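Pasting model.txt here (compact mmCIF, C-alpha atoms and all ligand atoms):
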```txt
# COMPACT_ATOMS: atom_id res chain seq x y z
CA MET A 1 66.08 34.51 61.63
CA ASP A 2 64.64 31.94 64.03
CA SER A 3 61.70 32.77 66.32
CA LEU A 4 63.80 33.08 69.47
CA GLU A 5 66.09 35.68 67.90
CA SER A 6 63.22 37.65 66.41
CA PHE A 7 61.37 37.53 69.74
CA ALA A 8 64.40 38.91 71.62
CA GLN A 9 65.10 41.59 69.03
CA ALA A 10 61.48 42.76 68.87
CA LYS A 11 61.34 42.99 72.66
CA LEU A 12 64.59 44.93 72.77
CA ALA A 13 63.34 47.34 70.11
CA GLY A 14 60.23 47.98 72.22
CA LEU A 15 62.32 48.67 75.32
CA GLU A 16 64.61 50.95 73.33
CA ALA A 17 61.67 52.93 71.99
CA GLY A 18 60.44 53.60 75.52
CA ALA A 19 63.93 54.47 76.88
CA LEU A 20 63.51 51.36 79.06
CA ARG A 21 66.40 49.22 77.82
CA ARG A 22 68.98 48.59 80.54
CA ARG A 23 72.69 48.24 79.94
CA LEU A 24 75.61 47.09 82.05
CA VAL A 25 78.29 49.77 82.39
CA PRO A 26 81.82 48.71 83.38
CA THR A 27 82.47 50.40 86.74
CA LEU A 28 85.07 49.93 89.44
CA ARG A 29 83.86 50.69 92.93
CA GLY A 30 86.52 51.95 95.32
CA ALA A 31 86.70 53.01 98.94
CA GLU A 32 84.96 56.14 100.27
CA SER A 33 82.15 56.09 97.68
CA SER A 34 84.56 56.50 94.80
CA ALA A 35 83.93 54.88 91.43
CA GLU A 36 85.73 54.75 88.13
CA ARG A 37 84.12 54.64 84.72
CA GLY A 38 85.94 54.86 81.41
CA GLY A 39 89.05 56.05 83.26
CA ARG A 40 87.15 58.88 85.00
CA ALA A 41 86.90 59.23 88.76
CA LEU A 42 83.36 59.74 90.06
CA VAL A 43 81.67 60.11 93.43
CA SER A 44 78.97 57.46 93.66
CA PHE A 45 75.55 58.24 95.09
CA SER A 46 74.21 55.05 93.52
CA CYS A 47 75.20 52.37 96.04
CA ASN A 48 73.41 50.82 99.00
CA ASP A 49 76.67 50.55 100.94
CA TYR A 50 75.12 52.92 103.49
CA LEU A 51 77.78 52.58 106.16
CA GLY A 52 80.71 52.35 103.76
CA LEU A 53 81.53 48.92 105.15
CA SER A 54 82.09 47.04 101.87
CA HIS A 55 85.59 48.52 101.76
CA ASP A 56 86.25 48.76 105.50
CA PRO A 57 89.67 47.16 106.12
CA ARG A 58 88.27 45.13 109.05
CA VAL A 59 85.45 43.72 106.93
CA VAL A 60 87.79 43.00 104.02
CA ALA A 61 90.24 41.25 106.37
CA ALA A 62 87.43 39.10 107.82
CA ALA A 63 86.46 37.97 104.32
CA GLN A 64 90.08 37.31 103.32
CA GLY A 65 90.70 35.30 106.48
CA ALA A 66 87.61 33.17 105.88
CA VAL A 67 88.54 32.51 102.24
CA ALA A 68 92.02 31.42 103.29
CA ALA A 69 90.72 29.18 106.06
CA PHE A 70 87.50 27.79 104.57
CA GLY A 71 87.76 28.18 100.79
CA ALA A 72 85.93 30.21 98.19
CA GLY A 73 82.60 28.38 98.12
CA ALA A 74 80.26 26.51 100.46
CA GLY A 75 80.45 23.26 98.51
CA GLY A 76 76.74 22.56 98.61
CA SER A 77 73.53 23.35 100.44
CA ARG A 78 73.76 23.69 104.19
CA LEU A 79 71.59 20.62 104.70
CA VAL A 80 73.72 18.47 102.38
CA ALA A 81 77.32 19.67 102.59
CA GLY A 82 77.05 20.50 106.29
CA ASN A 83 76.45 23.76 108.11
CA HIS A 84 79.43 26.05 108.57
CA PRO A 85 79.68 27.40 112.14
CA VAL A 86 80.29 30.97 110.87
CA LEU A 87 76.73 30.94 109.49
CA THR A 88 75.36 29.89 112.87
CA ARG A 89 77.36 32.64 114.59
CA LEU A 90 76.01 35.19 112.13
CA GLU A 91 72.45 33.95 112.70
CA GLU A 92 72.84 34.24 116.47
CA ARG A 93 74.11 37.80 116.11
CA LEU A 94 71.34 38.83 113.69
CA ALA A 95 68.69 37.40 116.05
CA ARG A 96 70.23 39.26 118.98
CA HIS A 97 70.35 42.49 117.00
CA LYS A 98 66.66 42.18 116.08
CA GLY A 99 65.55 40.81 119.42
CA THR A 100 64.14 37.56 118.03
CA GLU A 101 64.69 33.97 119.13
CA ALA A 102 66.36 32.90 115.93
CA ALA A 103 67.47 33.83 112.43
CA LEU A 104 68.15 32.09 109.14
CA VAL A 105 70.64 33.22 106.51
CA PHE A 106 69.75 32.80 102.82
CA GLY A 107 71.82 33.16 99.65
CA SER A 108 70.43 36.68 99.09
CA GLY A 109 67.58 38.93 100.17
CA TYR A 110 65.78 38.09 96.95
CA LEU A 111 66.05 34.37 97.69
CA ALA A 112 64.87 34.97 101.26
CA ASN A 113 61.64 36.58 100.08
CA LEU A 114 61.10 33.89 97.45
CA GLY A 115 61.39 31.27 100.19
CA ILE A 116 59.72 32.78 103.26
CA THR A 117 56.23 33.61 101.98
CA PRO A 118 55.55 30.36 100.09
CA ALA A 119 56.64 28.38 103.18
CA LEU A 120 54.04 30.16 105.31
CA ALA A 121 51.11 30.69 102.93
CA GLY A 122 49.55 28.84 99.99
CA PRO A 123 46.32 28.30 98.08
CA GLY A 124 43.35 29.31 100.24
CA ASP A 125 45.37 31.98 102.03
CA LEU A 126 45.43 35.76 101.61
CA ILE A 127 48.50 37.97 101.13
CA LEU A 128 48.25 41.76 101.24
CA VAL A 129 51.25 43.53 99.69
CA ASP A 130 52.06 47.24 99.67
CA GLU A 131 51.85 48.38 96.06
CA LEU A 132 55.42 49.74 96.14
CA ALA A 133 56.98 46.69 97.81
CA HIS A 134 60.12 45.25 96.22
CA ALA A 135 59.86 42.87 93.26
CA CYS A 136 60.99 39.92 95.41
CA MET A 137 58.22 40.49 97.99
CA TRP A 138 55.73 40.33 95.12
CA GLY A 139 57.62 37.36 93.70
CA GLY A 140 57.36 35.38 96.94
CA ALA A 141 53.67 36.25 97.32
CA ARG A 142 52.81 35.14 93.78
CA LEU A 143 54.92 32.00 94.05
CA SER A 144 52.94 30.92 97.11
CA GLY A 145 49.73 30.35 95.16
CA ALA A 146 47.78 32.37 97.74
CA ARG A 147 45.37 35.15 96.75
CA VAL A 148 47.52 38.29 96.44
CA VAL A 149 45.97 41.74 96.86
CA SER A 150 47.72 45.10 96.44
CA VAL A 151 47.42 47.64 99.27
CA ARG A 152 47.65 51.38 98.60
CA HIS A 153 51.10 52.58 99.55
CA ASN A 154 51.48 53.07 103.32
CA ASP A 155 47.69 53.34 103.65
CA VAL A 156 46.67 51.65 106.90
CA SER A 157 42.96 52.34 106.35
CA ASP A 158 43.13 50.61 102.97
CA LEU A 159 44.82 47.67 104.69
CA ALA A 160 42.09 47.57 107.35
CA ARG A 161 39.37 47.74 104.70
CA LEU A 162 40.90 44.90 102.67
CA LEU A 163 41.35 42.71 105.75
CA ALA A 164 37.75 43.35 106.83
CA GLU A 165 36.53 42.49 103.34
CA HIS A 166 38.65 39.43 102.52
CA ARG A 167 40.13 37.96 105.70
CA GLY A 168 37.07 35.86 106.60
CA ALA A 169 37.13 33.89 103.36
CA HIS A 170 40.74 32.79 103.82
CA ARG A 171 42.49 30.37 106.14
CA ARG A 172 45.69 32.31 106.90
CA ALA A 173 46.71 35.85 106.04
CA MET A 174 49.97 37.71 105.66
CA VAL A 175 50.83 41.41 105.26
CA LEU A 176 54.02 42.29 103.35
CA THR A 177 55.69 45.68 103.50
CA GLU A 178 59.07 47.43 103.80
CA ARG A 179 60.41 49.46 106.71
CA VAL A 180 62.09 51.88 104.30
CA PHE A 181 60.92 51.80 100.69
CA SER A 182 63.77 51.14 98.31
CA MET A 183 62.89 53.63 95.57
CA ASP A 184 61.05 56.31 97.60
CA GLY A 185 63.03 56.32 100.84
CA ASP A 186 59.88 56.80 102.92
CA ARG A 187 59.04 54.70 105.99
CA ALA A 188 56.06 52.44 106.58
CA PRO A 189 53.84 53.02 109.66
CA ILE A 190 54.91 49.67 111.07
CA GLY A 191 53.23 50.12 114.48
CA ASP A 192 49.83 50.87 112.92
CA ILE A 193 50.22 48.04 110.41
CA LEU A 194 51.03 45.60 113.23
CA GLY A 195 47.96 46.73 115.16
CA VAL A 196 45.56 46.26 112.24
CA ALA A 197 47.16 42.97 111.19
CA GLU A 198 47.04 41.50 114.70
CA ALA A 199 43.36 42.40 115.01
CA HIS A 200 42.72 40.21 111.95
CA ASP A 201 45.25 37.49 112.83
CA ALA A 202 47.46 38.35 109.86
CA TRP A 203 51.21 37.76 110.01
CA VAL A 204 53.40 40.75 109.13
CA LEU A 205 56.59 40.32 107.12
CA VAL A 206 58.74 43.46 107.06
CA ASP A 207 61.55 43.85 104.53
CA ASP A 208 64.28 45.80 106.32
CA ALA A 209 66.76 45.93 103.44
CA HIS A 210 67.18 49.72 103.68
CA GLY A 211 66.57 50.16 107.40
CA LEU A 212 69.15 47.99 109.14
CA GLY A 213 71.86 50.14 110.66
CA VAL A 214 70.35 53.38 109.29
CA VAL A 215 66.72 53.56 110.49
CA GLU A 216 66.52 51.28 113.49
CA ALA A 217 63.89 52.89 115.73
CA GLY A 218 60.31 51.67 115.99
CA PRO A 219 58.42 48.44 116.52
CA ARG A 220 59.57 45.13 115.07
CA ALA A 221 57.42 42.63 113.20
CA PRO A 222 57.23 38.90 113.99
CA LEU A 223 58.88 38.30 110.60
CA GLU A 224 61.78 40.62 109.78
CA MET A 225 63.82 39.88 106.69
CA GLY A 226 66.64 41.80 105.09
CA THR A 227 69.91 41.64 103.26
CA LEU A 228 73.58 41.40 104.16
CA SER A 229 74.41 43.31 100.98
CA LYS A 230 73.47 46.89 101.86
CA SER A 231 74.47 48.44 105.19
CA LEU A 232 76.49 45.30 106.00
CA GLY A 233 78.53 45.64 102.80
CA SER A 234 78.64 41.91 102.05
CA TYR A 235 76.24 39.52 100.32
CA GLY A 236 73.36 37.30 101.44
CA GLY A 237 69.91 37.58 103.01
CA TYR A 238 68.26 36.73 106.32
CA LEU A 239 65.04 36.25 108.23
CA CYS A 240 64.71 36.94 111.98
CA ALA A 241 61.73 35.22 113.64
CA SER A 242 60.74 32.79 116.38
CA GLN A 243 62.62 29.51 116.75
CA ALA A 244 59.62 27.52 115.49
CA VAL A 245 59.28 29.65 112.34
CA ILE A 246 62.98 29.39 111.62
CA ASP A 247 62.96 25.62 112.19
CA LEU A 248 60.02 25.30 109.80
CA LEU A 249 61.83 27.31 107.11
CA VAL A 250 64.94 25.14 107.40
CA SER A 251 62.74 22.27 106.23
CA ARG A 252 60.32 24.08 103.94
CA ALA A 253 61.77 27.23 102.35
CA ARG A 254 62.67 25.98 98.88
CA SER A 255 65.12 28.81 98.21
CA PHE A 256 66.99 27.66 101.32
CA VAL A 257 66.79 23.88 100.94
CA TYR A 258 67.61 23.60 97.24
CA THR A 259 70.47 26.06 96.86
CA THR A 260 74.12 26.28 97.83
CA GLY A 261 74.92 27.81 101.19
CA LEU A 262 76.31 31.33 101.47
CA PRO A 263 80.12 31.31 101.06
CA PRO A 264 81.77 31.46 104.51
CA ALA A 265 83.64 34.64 103.49
CA SER A 266 80.37 36.50 102.85
CA ALA A 267 79.11 35.44 106.27
CA ALA A 268 82.38 36.38 108.00
CA ALA A 269 82.33 39.81 106.36
CA ALA A 270 78.71 40.41 107.39
CA LEU A 271 79.47 39.29 110.94
CA GLU A 272 82.35 41.75 111.22
CA ALA A 273 80.20 44.50 109.67
CA LEU A 274 77.43 43.84 112.20
CA THR A 275 79.95 44.18 115.02
CA ILE A 276 81.10 47.54 113.62
CA LEU A 277 77.51 48.70 113.05
CA GLU A 278 76.70 48.07 116.72
CA ALA A 279 79.96 49.51 118.06
CA GLU A 280 79.90 52.73 116.01
CA PRO A 281 76.38 54.22 116.16
CA GLU A 282 77.63 57.57 114.81
CA ARG A 283 78.42 55.77 111.55
CA GLY A 284 74.80 54.67 111.24
CA ALA A 285 73.47 58.15 112.00
CA LYS A 286 75.50 59.83 109.24
CA PRO A 287 73.63 58.75 106.07
CA LEU A 288 70.33 60.21 107.32
CA LEU A 289 72.04 63.45 108.40
CA LEU A 290 73.63 63.83 104.96
CA ALA A 291 70.34 62.97 103.23
CA ARG A 292 68.58 65.70 105.25
CA ARG A 293 71.29 68.19 104.40
CA PHE A 294 70.67 67.37 100.73
CA THR A 295 66.86 67.65 100.90
CA ALA A 296 67.14 70.94 102.79
CA ARG A 297 69.49 72.38 100.15
CA LEU A 298 67.16 71.42 97.32
CA GLY A 299 63.89 72.28 99.06
CA LEU A 300 62.74 68.64 98.85
CA PRO A 301 60.57 66.95 101.52
CA GLU A 302 62.81 66.08 104.48
CA ALA A 303 64.59 62.74 103.99
CA GLU A 304 63.26 59.85 106.10
CA SER A 305 66.13 57.50 105.28
CA ALA A 306 69.39 57.26 103.34
CA VAL A 307 67.42 57.13 100.07
CA VAL A 308 66.14 60.30 98.42
CA PRO A 309 64.13 60.23 95.18
CA VAL A 310 64.33 63.19 92.83
CA LEU A 311 61.24 62.72 90.68
CA VAL A 312 61.66 63.48 86.98
CA GLY A 313 58.71 61.85 85.20
CA GLU A 314 59.65 60.38 81.85
CA ALA A 315 62.36 57.73 81.55
CA GLU A 316 64.25 59.61 78.83
CA ALA A 317 64.49 62.77 80.94
CA ALA A 318 65.71 60.80 83.97
CA LEU A 319 68.43 59.20 81.84
CA ALA A 320 69.49 62.60 80.50
CA LEU A 321 69.74 64.06 83.99
CA SER A 322 71.76 61.08 85.19
CA ALA A 323 74.13 61.50 82.21
CA ALA A 324 74.56 65.21 82.96
CA LEU A 325 75.44 64.42 86.57
CA GLU A 326 77.95 61.83 85.43
CA ALA A 327 79.59 64.44 83.20
CA ALA A 328 79.89 66.59 86.34
CA GLY A 329 81.56 63.76 88.28
CA PHE A 330 78.62 62.14 90.10
CA LEU A 331 77.19 58.67 89.71
CA VAL A 332 73.44 58.91 90.38
CA VAL A 333 71.35 56.18 88.84
CA ALA A 334 68.13 56.85 86.92
CA ILE A 335 65.33 54.52 88.02
CA ARG A 336 62.74 53.73 85.38
CA PRO A 337 59.62 51.57 85.01
CA PRO A 338 58.89 48.79 85.75
CA THR A 339 61.02 49.31 88.89
CA VAL A 340 58.83 52.36 89.59
CA PRO A 341 55.31 53.15 88.25
CA PRO A 342 55.03 54.66 84.73
CA GLY A 343 55.52 58.44 84.67
CA THR A 344 57.54 58.43 87.91
CA ALA A 345 61.05 57.88 86.56
CA ARG A 346 63.49 59.47 88.95
CA LEU A 347 67.01 59.86 90.17
CA ARG A 348 67.63 57.72 93.23
CA VAL A 349 70.21 59.41 95.45
CA ALA A 350 71.67 57.13 98.13
CA PHE A 351 73.73 58.55 100.98
CA SER A 352 76.49 56.80 102.86
CA ALA A 353 78.60 57.29 105.94
CA ALA A 354 81.49 57.30 103.45
CA HIS A 355 80.31 60.62 101.94
CA ASP A 356 81.26 63.97 103.42
CA ALA A 357 79.23 67.17 103.61
CA ALA A 358 81.27 68.86 100.87
CA GLN A 359 80.43 66.06 98.40
CA VAL A 360 76.75 66.33 99.27
CA ASP A 361 76.78 70.11 98.84
CA ALA A 362 78.56 69.76 95.51
CA LEU A 363 75.98 67.29 94.23
CA ALA A 364 73.12 69.50 95.45
CA GLY A 365 74.66 72.51 93.70
CA VAL A 366 75.05 70.74 90.36
CA LEU A 367 71.56 69.25 90.57
CA ALA A 368 70.04 72.63 91.43
CA ALA A 369 71.72 74.18 88.40
CA LEU A 370 70.60 71.35 86.11
CA THR A 371 66.99 71.33 87.25
CA GLY A 372 66.50 75.03 87.91
CA ARG A 373 65.84 74.41 91.61
CA SER A 374 67.35 76.63 94.23
C1 LIG A 401 67.93 44.94 97.64
C2 LIG A 401 66.60 44.52 98.14
C3 LIG A 401 66.28 43.17 98.28
C4 LIG A 401 67.16 42.08 97.75
O1 LIG A 401 68.29 41.89 98.52
P1 LIG A 401 69.55 41.20 97.83
O2 LIG A 401 70.32 40.68 98.98
O3 LIG A 401 70.23 42.25 97.04
O4 LIG A 401 69.01 40.10 96.95
C5 LIG A 401 65.10 42.85 98.88
N1 LIG A 401 64.23 43.80 99.28
C6 LIG A 401 64.49 45.10 99.13
C7 LIG A 401 63.51 46.09 99.61
C8 LIG A 401 65.67 45.50 98.54
O5 LIG A 401 65.90 46.78 98.34
```
Show this structure as structure tokens.
Amino acid sequence: MDSLESFAQAKLAGLEAGALRRRLVPTLRGAESSAERGGRALVSFSCNDYLGLSHDPRVVAAAQGAVAAFGAGAGGSRLVAGNHPVLTRLEERLARHKGTEAALVFGSGYLANLGITPALAGPGDLILVDELAHACMWGGARLSGARVVSVRHNDVSDLARLLAEHRGAHRRAMVLTERVFSMDGDRAPIGDILGVAEAHDAWVLVDDAHGLGVVEAGPRAPLEMGTLSKSLGSYGGYLCASQAVIDLLVSRARSFVYTTGLPPASAAAALEALTILEAEPERGAKPLLLARRFTARLGLPEAESAVVPVLVGEAEAALALSAALEAAGFLVVAIRPPTVPPGTARLRVAFSAAHDAAQVDALAGVLAALTGRS
């Protein structure tokens, strides 16, 4: 066996031993949070389609219309092949929604974070990142070549201490956090973070992937990024910021300059979804209401967002619980390290406007029986 094969097989064996190997499972996602696996119908609590818009007939029609009119792909990067007006319209609408001067759409949220931070910070600069921030926030910070320091989760005094200690030795500073944390569902104290950061002239980048359309209240940061793939039901990423920052990124964000533009259909779908999100506020309120119904039933801390973690501990136990729920008709993904810290494997339950109260109650009942909660 050659060294590449033996390397891959040894790594896989290690993952397997720790119940950390990941596998792709054929699954068909349908409307109203339905899913089909191996011919069985399931109710999915595993998706980030918080407003149920990925299957909304208006959103689907917008995508179909754009494919028919403009083709399946963008044909090249926006700077090379030319900029499609639907992307500009989407950017104007995102900026208006967030109250910023401008916005820039990227190929995905992951690509946005890989491009934003390295365009604004580099060697000699300081980046403070919440320890539970998403892998792509960490990825962008590390890619920048700046000094990267981990901040205790949602701990503003730790942030203040680190800024007081390190800010002076660095040219520029950034603070990276999430409005709603993707695997814990809790919210960051954005107002307090902005206050501390401004006092030290540090620029705050907030990842709003799980907030947009679901948790909208509260102060906004000068740099607000997010994704078109969760509450907007489409695909792509964005940054909302001042005109000057956006203009700089058009020239300097490598994950914008050197990659193909978002397909017009993805942009058209997101644009239609944003219109619905703004026109139907009751749709956006529903995921949090259902999440709170669920946490009340199970005696868990009250949900702060559409994401509720049910902590299990070991990866193997989380997988077993997920499998038992699937046997009962529910798709609830087990989240394991390194996505979450070792010993904190969990079920991640995601609520959507497409769920109804009876489905939530049914899931809570099965989970209570499986875990001995009441
Ligand atoms: C999903 C997610 C991303 C990545 O967005 P994509 O558009 O899926 O690449 C970024 N940040 C957070 C917090 C996320 O949960």
Original post:
Which chains and residue numbers are within 10 Å of ligand LIG 401 (chain A), counting all atoms listed in the file, if I want them as a PyMOL selection string?
Top reply: chain A and resi 48+106-114+132-137+177-183+206-211+225-230+234-238
**OP:** Determine, counting only C-alpha atoms, which protein, DNA and RNA residues have an atom within 12 Å of an atom of A:Val349; residues of the same chain fewer than 3 positions away are not included. Present the result as a PyMOL selection string.
**Re:** chain A and resi 43-48+50+182-185+287-288+290-292+294-295+303+305-311+322+325+330-335+346+352+360+363-364+367
**OP:** Could you tell me which of A:Arg93, A:Arg167, A:Arg161, A:Arg254 comes closest to A:Leu271 if we count only C-alpha atoms?
**Re:** A:Arg93
**OP:** Measuring atom to atom with only C-alpha atoms, identify which of A:Ala19, A:Val60, A:Leu370, A:Ala119 is nearest to A:Ser251.
**Re:** A:Ala119
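Going from atom CA of A:Gly18 over to atom CA of A:Gly140, you cover 28.3 Å.
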Subject >> Length of the atom CA of A:Ala164 to atom CA of A:Ala141 vector [Å] >> reply: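 Computing the Euclidean distance for atom CA of A:Ala164 and atom CA of A:Ala141 yields 19.9 Å.
Closest approach to A:Val245 from the set A:Leu321, A:Ala188, A:Ile116, A:Ile193 is made by A:Ile116, with distances taken over only C-alpha atoms.
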Original post:
Nearest to A:Arg147 among A:Ala102, A:Ala160, A:Ala169, A:Arg348, with distances taken over all atoms listed in the file: which residue is it?
Top reply: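 Selected residue with least distance to A:Arg147: A:Ala169.
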Original post:
Between A:Asp56, A:Asp201, A:Asp192, A:Glu36, which has the minimum distance to A:Leu126 (counting all atoms listed in the file)?
Top reply: A:Asp201
Original post:
Smallest atom-to-atom distance to A:Ala345: which of A:Leu298, A:Leu12, A:Val59, A:Ala315, using all atoms listed in the file?
Top reply: A:Ala315
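In this structure, atom CA of A:Gly14 sits 15.7 Å away from atom CA of A:Glu314.
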Subject >> Distance query A:Ala268 at most 9 Å, all atoms listed in the file, self and fewer than 6 positions along chain excluded, as a ChimeraX atom specification >> reply: /A:59,62-63,65-66,86-87,90,234
**OP:** Around the point (38.7, 42.8, 103.7) in the file's coordinates, collect all residues with an atom within 12 Å, using all atoms listed in the file, and return them as a list of chain:residue names.
**Re:** A:Leu126, A:Ile127, A:Leu128, A:Val149, A:Ser150, A:Val151, A:Ser157, A:Asp158, A:Leu159, A:Ala160, A:Arg161, A:Leu162, A:Leu163, A:Ala164, A:Glu165, A:His166, A:Arg167, A:Gly168, A:Ala169, A:His170, A:Ala173, A:Val196, A:Ala197, A:His200, A:Ala202
Box centre and edge lengths (Å, one decimal), axis-aligned, stretch 102-109 of chain A plus 3 Å each side, as lines of an AutoDock Vina configuration file:
```
center_x = 69.1
center_y = 35.5
center_z = 107.5
size_x = 11.5
size_y = 12.8
size_z = 22.8
```
Written coordinates, N, CA and C atoms of stretch 334-348 of chain A as an mmCIF file, in the first residue's frame:
```
data_model
loop_
_atom_site.group_PDB
_atom_site.id
_atom_site.type_symbol
_atom_site.label_atom_id
_atom_site.label_comp_id
_atom_site.auth_asym_id
_atom_site.auth_seq_id
_atom_site.Cartn_x
_atom_site.Cartn_y
_atom_site.Cartn_z
ATOM 1 N N ALA A 334 -26.577 14.622 15.393
ATOM 2 C CA ALA A 334 -25.627 14.616 16.511
ATOM 3 C C ALA A 334 -24.424 15.453 16.107
ATOM 4 N N ILE A 335 -24.027 16.376 16.963
ATOM 5 C CA ILE A 335 -22.860 17.221 16.682
ATOM 6 C C ILE A 335 -21.721 16.768 17.585
ATOM 7 N N ARG A 336 -20.596 16.481 16.952
ATOM 8 C CA ARG A 336 -19.461 15.911 17.686
ATOM 9 C C ARG A 336 -18.220 16.780 17.532
ATOM 10 N N PRO A 337 -17.181 16.569 18.350
ATOM 11 C CA PRO A 337 -15.920 17.253 18.131
ATOM 12 C C PRO A 337 -15.383 16.908 16.737
ATOM 13 N N PRO A 338 -14.625 17.771 16.060
ATOM 14 C CA PRO A 338 -14.142 19.052 16.571
ATOM 15 C C PRO A 338 -15.100 20.221 16.334
ATOM 16 N N THR A 339 -16.340 19.940 15.867
ATOM 17 C CA THR A 339 -17.295 21.030 15.698
ATOM 18 C C THR A 339 -17.614 21.663 17.052
ATOM 19 N N VAL A 340 -17.678 20.827 18.100
ATOM 20 C CA VAL A 340 -17.876 21.320 19.465
ATOM 21 C C VAL A 340 -16.728 20.779 20.328
ATOM 22 N N PRO A 341 -16.462 21.397 21.498
ATOM 23 C CA PRO A 341 -15.339 20.945 22.328
ATOM 24 C C PRO A 341 -15.521 19.490 22.779
ATOM 25 N N PRO A 342 -14.391 18.779 23.004
ATOM 26 C CA PRO A 342 -14.449 17.386 23.466
ATOM 27 C C PRO A 342 -15.309 17.260 24.724
ATOM 28 N N GLY A 343 -16.105 16.168 24.783
ATOM 29 C CA GLY A 343 -16.942 15.941 25.960
ATOM 30 C C GLY A 343 -18.254 16.702 25.939
ATOM 31 N N THR A 344 -18.500 17.462 24.845
ATOM 32 C CA THR A 344 -19.762 18.219 24.763
ATOM 33 C C THR A 344 -20.565 17.830 23.525
ATOM 34 N N ALA A 345 -20.409 16.586 23.083
ATOM 35 C CA ALA A 345 -21.235 16.121 21.962
ATOM 36 C C ALA A 345 -22.698 16.309 22.343
ATOM 37 N N ARG A 346 -23.511 16.589 21.352
ATOM 38 C CA ARG A 346 -24.890 16.986 21.636
ATOM 39 C C ARG A 346 -25.806 16.679 20.464
ATOM 40 N N LEU A 347 -27.101 16.767 20.736
ATOM 41 C CA LEU A 347 -28.063 16.873 19.652
ATOM 42 C C LEU A 347 -28.247 18.353 19.395
ATOM 43 N N ARG A 348 -28.332 18.729 18.132
ATOM 44 C CA ARG A 348 -28.614 20.121 17.787
ATOM 45 C C ARG A 348 -30.005 20.142 17.163
#
```
